[in-house]
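target05.txt follows (compact mmCIF, C-alpha atoms):
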```txt
# COMPACT_ATOMS: atom_id res chain seq x y z
CA TYR A 1 25.81 6.76 7.77
CA ARG A 2 23.85 3.63 6.91
CA ALA A 3 21.89 2.36 3.95
CA TYR A 4 18.91 0.07 4.49
CA VAL A 5 18.07 -2.45 1.77
CA SER A 6 15.12 -4.81 1.29
CA SER A 7 14.49 -7.12 -1.65
CA LYS A 8 11.42 -8.56 -3.36
CA LEU A 9 13.43 -10.53 -5.90
CA ASN A 10 11.67 -13.81 -6.61
CA LEU A 11 14.61 -16.21 -6.65
CA GLY A 12 12.96 -19.01 -4.69
CA VAL A 13 14.52 -17.91 -1.39
CA THR A 14 12.22 -16.83 1.42
CA GLY A 15 13.29 -13.65 3.18
CA LEU A 16 16.09 -12.88 0.76
CA HIS A 17 18.07 -9.80 1.71
CA LEU A 18 20.71 -8.16 -0.41
CA TRP A 19 23.66 -6.24 0.96
CA SER A 20 24.91 -3.20 -0.88
CA SER A 21 27.36 -0.45 -0.30
CA LEU A 22 24.81 1.07 -0.91
CA GLY A 23 1.58 20.48 -7.45
CA ASN A 24 -0.77 22.22 -5.95
CA SER A 25 -1.16 24.55 -2.97
CA GLY A 26 -2.58 24.03 0.49
CA GLY A 27 -0.45 21.00 1.36
CA THR A 28 -2.52 18.55 -0.67
CA ALA A 29 -1.28 16.19 -3.34
CA ASN A 30 -2.37 15.50 -6.86
CA GLN A 31 -5.08 12.84 -6.52
CA ALA A 32 -3.92 11.21 -9.74
CA GLY A 33 -0.67 10.38 -7.98
CA SER A 34 -2.29 8.75 -4.96
CA LEU A 35 -1.41 5.18 -4.07
CA PRO A 36 -3.40 2.80 -1.89
CA ILE A 37 -1.24 1.23 0.80
CA GLN A 38 -0.86 -2.50 0.30
CA GLN A 39 -0.40 -4.16 3.69
CA GLU A 40 0.53 -7.66 2.60
CA ARG A 41 3.92 -7.39 4.30
CA ARG A 42 2.78 -5.74 7.54
CA LYS A 43 0.54 -6.67 10.45
CA LYS A 44 -1.12 -3.26 10.81
CA ALA A 45 -4.12 -2.84 8.55
CA SER A 46 -3.97 0.94 8.58
CA PHE A 47 -1.93 3.81 9.89
CA MET A 48 -3.54 6.02 12.50
CA THR A 49 -2.72 9.23 14.30
CA ALA A 50 -4.58 10.14 17.45
CA ASP A 51 -7.29 11.81 15.32
CA GLN A 52 -7.61 10.16 11.91
CA PRO A 53 -6.03 7.75 9.41
CA LEU A 54 -2.84 8.61 7.58
CA ILE A 55 -3.02 8.66 3.79
CA VAL A 56 0.15 8.08 1.78
CA ARG A 57 0.45 9.48 -1.73
CA HIS A 58 3.18 8.94 -4.26
CA VAL A 59 3.59 11.90 -6.61
CA ALA A 60 5.60 11.92 -9.80
CA SER A 61 7.04 15.33 -8.94
CA ILE A 62 7.69 17.19 -5.71
CA ALA A 63 5.87 20.07 -7.41
CA ALA A 64 2.62 18.27 -6.51
CA LEU A 65 3.36 18.92 -2.81
CA ASP A 66 3.10 22.39 -1.34
CA ARG A 67 6.48 24.10 -0.90
CA ALA A 68 5.72 25.65 2.51
CA ALA A 69 4.16 22.43 3.85
CA TRP A 70 7.23 20.44 2.75
CA ASN A 71 9.72 22.90 4.23
CA ARG A 72 7.91 22.88 7.60
CA LEU A 73 8.88 19.21 7.88
CA PHE A 74 12.58 20.04 7.43
CA PRO A 75 13.22 23.09 9.63
CA GLY A 76 16.71 24.55 9.35
CA ARG A 77 17.70 22.32 6.43
CA ALA A 78 19.49 23.94 3.50
CA GLU A 79 18.19 21.17 1.22
CA GLY A 80 14.53 22.16 1.05
CA TRP A 81 11.71 21.88 -1.49
CA GLY A 82 13.52 24.11 -3.99
CA TYR A 83 16.71 22.05 -3.81
CA PHE A 84 14.95 18.75 -4.48
CA LYS A 85 12.88 20.32 -7.25
CA ALA A 86 16.14 21.40 -8.91
CA CYS A 87 17.61 17.90 -8.39
CA GLU A 88 14.52 16.44 -10.02
CA GLU A 89 14.86 18.68 -13.05
CA ALA A 90 18.59 17.99 -13.41
CA ALA A 91 18.71 14.34 -12.35
CA PRO A 92 21.94 12.47 -13.15
CA ALA A 93 21.82 10.11 -16.10
CA GLY A 94 20.14 6.85 -15.18
CA PHE A 95 18.17 8.36 -12.27
CA SER A 96 14.58 9.59 -11.96
CA ALA A 97 13.03 11.37 -8.99
CA SER A 98 9.60 11.47 -7.33
CA ALA A 99 8.29 11.93 -3.79
CA LEU A 100 6.05 10.55 -1.04
CA GLY A 101 3.64 12.58 1.08
CA VAL A 102 1.84 11.42 4.22
CA PHE A 103 -1.37 13.27 5.03
CA SER A 104 -3.50 13.51 8.14
CA GLY A 105 -6.66 14.97 6.68
CA GLU A 106 -5.42 17.83 4.49
CA GLU A 107 -2.22 18.38 6.50
CA LEU A 108 1.12 17.12 5.22
CA VAL A 109 2.68 15.38 8.24
CA GLY A 110 5.40 13.33 6.53
CA ALA A 111 7.40 13.47 3.31
CA ALA A 112 10.49 12.14 1.61
CA PRO A 113 12.08 12.37 -1.85
CA LEU A 114 12.48 9.16 -3.85
CA PHE A 115 14.79 8.16 -6.65
CA ARG A 116 14.87 5.22 -9.00
CA THR A 117 17.87 3.71 -10.74
CA ASP A 118 19.33 0.37 -11.80
CA TYR A 119 21.51 -1.21 -9.14
CA GLU A 120 24.41 -3.45 -10.07
CA LEU A 121 24.49 -6.26 -7.52
CA ASP A 122 28.09 -7.15 -8.30
CA LEU A 123 29.13 -3.88 -6.65
CA SER A 124 28.39 -5.67 -3.37
CA LEU A 125 30.26 -8.88 -4.17
CA LYS A 126 34.00 -9.45 -4.05
CA GLY A 127 36.61 -12.20 -4.05
CA ALA A 128 35.68 -15.73 -5.05
CA LEU A 129 32.16 -14.74 -6.11
CA LYS A 130 33.40 -12.30 -8.73
CA PRO A 131 33.92 -14.87 -11.57
CA ALA A 132 30.40 -16.22 -11.03
CA VAL A 133 28.96 -12.72 -11.16
CA ASP A 134 30.93 -11.95 -14.32
CA TRP A 135 29.43 -15.07 -15.91
CA LEU A 136 25.93 -13.96 -14.87
CA ARG A 137 26.52 -10.50 -16.29
CA ARG A 138 27.38 -12.04 -19.68
CA ASN A 139 24.67 -14.71 -19.75
CA ALA A 140 21.84 -13.55 -17.47
CA PRO A 141 22.26 -9.81 -16.90
CA GLN A 142 18.74 -9.52 -15.48
CA PHE A 143 20.05 -11.17 -12.31
CA VAL A 144 22.93 -8.70 -11.94
CA VAL A 145 21.35 -5.35 -12.76
CA VAL A 146 17.98 -4.80 -11.07
CA PRO A 147 15.80 -1.69 -10.72
CA ALA A 148 15.80 -0.11 -7.27
CA VAL A 149 13.72 2.62 -5.66
CA SER A 150 15.10 4.47 -2.65
CA ILE A 151 14.11 7.08 -0.11
CA GLY A 152 16.72 9.81 -0.39
CA SER A 153 18.53 11.52 -3.23
CA PRO A 154 21.68 10.75 -5.22
CA LEU A 155 22.51 14.45 -4.76
CA ALA A 156 22.08 14.59 -0.96
CA GLU A 157 24.49 13.45 1.73
CA GLU A 158 21.78 12.54 4.27
CA CYS A 159 18.49 10.69 3.91
CA PRO A 160 15.75 13.34 4.18
CA ILE A 161 12.94 11.98 6.37
CA GLY A 162 10.45 14.75 7.09
CA ILE A 163 8.00 14.29 9.99
CA ALA A 164 5.86 17.02 11.52
CA ALA A 165 7.14 18.47 14.77
CA GLY A 166 5.18 17.61 17.88
CA MET A 167 4.11 14.15 16.71
CA GLY A 168 5.75 12.44 19.70
CA PRO A 169 7.55 9.08 19.49
CA ALA A 170 4.41 7.05 18.71
CA GLY A 171 3.16 9.51 16.08
CA ARG A 172 6.61 9.73 14.50
CA ALA A 173 6.75 5.94 14.29
CA ASP A 174 3.30 5.83 12.64
CA VAL A 175 4.28 8.43 10.04
CA PHE A 176 7.56 6.66 9.31
CA GLU A 177 5.79 3.32 8.91
CA ALA A 178 3.41 5.04 6.50
CA LEU A 179 6.39 6.29 4.45
CA LEU A 180 7.77 2.74 4.33
CA GLY A 181 4.33 1.50 3.30
CA GLY A 182 4.22 4.09 0.53
CA LEU A 183 7.67 3.04 -0.67
CA ASP A 184 6.55 -0.59 -0.67
CA ALA A 185 3.32 0.15 -2.56
CA HIS A 186 5.11 2.28 -5.16
CA ALA A 187 7.69 -0.47 -5.73
CA GLU A 188 4.91 -3.05 -6.03
CA THR A 189 2.95 -1.12 -8.65
CA SER A 190 6.14 -0.24 -10.55
CA GLY A 191 7.51 -3.78 -10.57
CA VAL A 192 10.68 -2.75 -8.74
CA PRO A 193 12.21 -5.57 -6.66
CA LEU A 194 14.80 -3.68 -4.60
CA LEU A 195 13.94 -1.07 -1.95
CA ALA A 196 16.41 1.10 -0.04
CA LEU A 197 16.95 4.12 2.18
CA LYS A 198 20.15 5.93 1.28
CA ASP A 199 22.48 7.46 3.88
CA VAL A 200 20.33 7.30 7.01
CA THR A 201 22.05 9.27 9.77
CA ASP A 202 22.95 7.60 13.04
CA SER A 203 20.51 9.86 14.90
CA ASP A 204 17.62 8.83 12.63
CA ALA A 205 18.67 5.18 12.73
CA ALA A 206 18.37 5.20 16.52
CA TRP A 207 14.57 5.64 16.38
CA ALA A 208 13.87 4.20 12.92
CA GLN A 209 15.64 0.84 13.34
CA PRO A 210 12.65 -1.09 14.83
CA ALA A 211 10.32 -0.15 11.97
CA LEU A 212 12.99 -0.87 9.37
CA ALA A 213 13.77 -4.27 10.85
CA ALA A 214 10.06 -5.15 11.03
CA ALA A 215 9.67 -4.20 7.34
CA GLY A 216 12.51 -6.55 6.32
CA PHE A 217 15.28 -4.01 5.72
CA THR A 218 18.94 -4.89 6.30
CA ARG A 219 21.41 -2.26 7.48
CA VAL A 220 24.71 -1.85 5.65
CA ALA A 221 27.45 0.73 6.01
CA THR A 222 27.92 3.37 3.34
CA LEU A 223 30.82 5.66 2.57
CA PRO A 224 31.86 7.89 5.47
CA LEU A 225 31.25 11.62 5.34
CA ALA A 226 34.08 13.93 6.35
CA THR A 227 33.38 17.37 7.79
CA LEU A 228 35.83 20.21 8.31
CA HIS A 229 35.09 22.79 10.97
CA LEU A 230 36.59 26.09 9.94
CA PRO A 231 37.54 28.73 12.51
CA PRO A 232 35.60 31.98 12.31
CA GLY A 233 37.15 34.59 10.07
CA PRO A 234 38.59 37.85 11.30
CA GLY A 235 36.20 40.61 12.15
CA PRO A 236 35.55 43.56 9.83
```
As structure tokens, what does this structure read like?
Amino acid sequence: YRAYVSSKLNLGVTGLHLWSSLGNSGGTANQAGSLPIQQERRKKASFMTADQPLIVRHVASIAALDRAAWNRLFPGRAEGWGYFKACEEAAPAGFSASALGVFSGEELVGAAPLFRTDYELDLSLKGALKPAVDWLRRNAPQFVVVPAVSIGSPLAEECPIGIAAGMGPAGRADVFEALLGGLDAHAETSGVPLLALKDVTDSDAAWAQPALAAAGFTRVATLPLATLHLPPGPGP
């Protein structure tokens, strides 16, 4: 698995990247949670499907997105709308959850859970840099612990990126870019300098890498995931 990280920290360095080991029904979102997409960091002025523009909405709770519409974007996944709603209600200490929805008209065509936490940059630094980081932690902790917002969940092993079936490669890319735009806009309005996608699978990375690279994300390895295939049990 991979994590993708992008930074907006204003430290006087252009293009700074940080490495880390790191509702209502009918499929519509609460209008109060809508976010305009800010395109300052991208060339495309808007996101389009073959028929109409894509609208990205950040919602404070997954409850603002229709359960059935969400689950249609994640067919066959055990971690559906109900799972992420439960994770939201029982978030680990120091974490808060929300969600993004991408709409084509009134149809939900893309979605992803988000979480926010404080990231300790010294987790990514070792060796000779450690004494300097320890000094910063004592004297300027704001440069060591920074708020981060991520696509994914601290309670999920894979990054859930939901895109409507049948979109095709171009449509899938447009929806994914809209999700990244929503993440960027939410971070901008919240004053969060560090953006990430947690535990992107290799299969998703294969098609998502161009959009992530264009948006300024850096890929870093995360902890491996072990699976154990058990033989079928004896018959009745």
- Point out the residue among A:Pro53, A:Gly181, A:Pro224, A:Gly162 with the least atom-to-atom distance to A:Asp199, counting only C-alpha atoms.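 That would be A:Pro224, the residue with the smallest distance to A:Asp199.
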- Message: Using Å and a single decimal, report how far atom CA of A:Gly166 sits from atom CA of A:Gly152.
- Response: 23.0 Å
- Query: Given the choices A:Phe217, A:Trp70, A:Phe143, A:Trp135, which gets closest to A:Leu180 if the distance is worked out from only C-alpha atoms?
  - Reply: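 Among the listed residues, the smallest separation from A:Leu180 belongs to A:Phe217.
Minimum distance to A:Ser98 across A:Ala214, A:Leu183, A:Ala60, A:Val149 (counting only C-alpha atoms) occurs at A:Ala60.
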- Task: Could you check which of A:Ala156, A:Val133, A:Val144, A:Ala97 is closest to A:Ala78, using only C-alpha atoms?
- Result: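 Counting only C-alpha atoms, the residue closest to A:Ala78 is A:Ala156.
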- Restricting the calculation to all atoms listed in the file, which member of A:Ser150, A:Thr222, A:Ser203, A:Gln209 is positioned closest to A:Gly182? A:Ser150
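Closest approach to A:Gly191 among A:Val146, A:Ala64, A:Ala112, A:Ala206 is made by A:Val146 (distances from all atoms listed in the file).
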- What is the distance between atom CA of A:Ala205 and atom CA of A:Cys159, in Å to one decimal?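 Between atom CA of A:Ala205 and atom CA of A:Cys159 the gap is 10.4 Å.
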- Excluding A:Asn71 and residues on its chain fewer than 2 positions from it, collect all residues at most 12 Å away from it, counting all atoms listed in the file, and give them as a PyMOL selection string. chain A and resi 27+62+65-69+73-84+108-112+160-165
- Task: Go ahead and compute the interatomic distance for atom CA of A:Ala215 and atom CA of A:Ala63, in Å to one decimal.
- Result: 28.7 Å
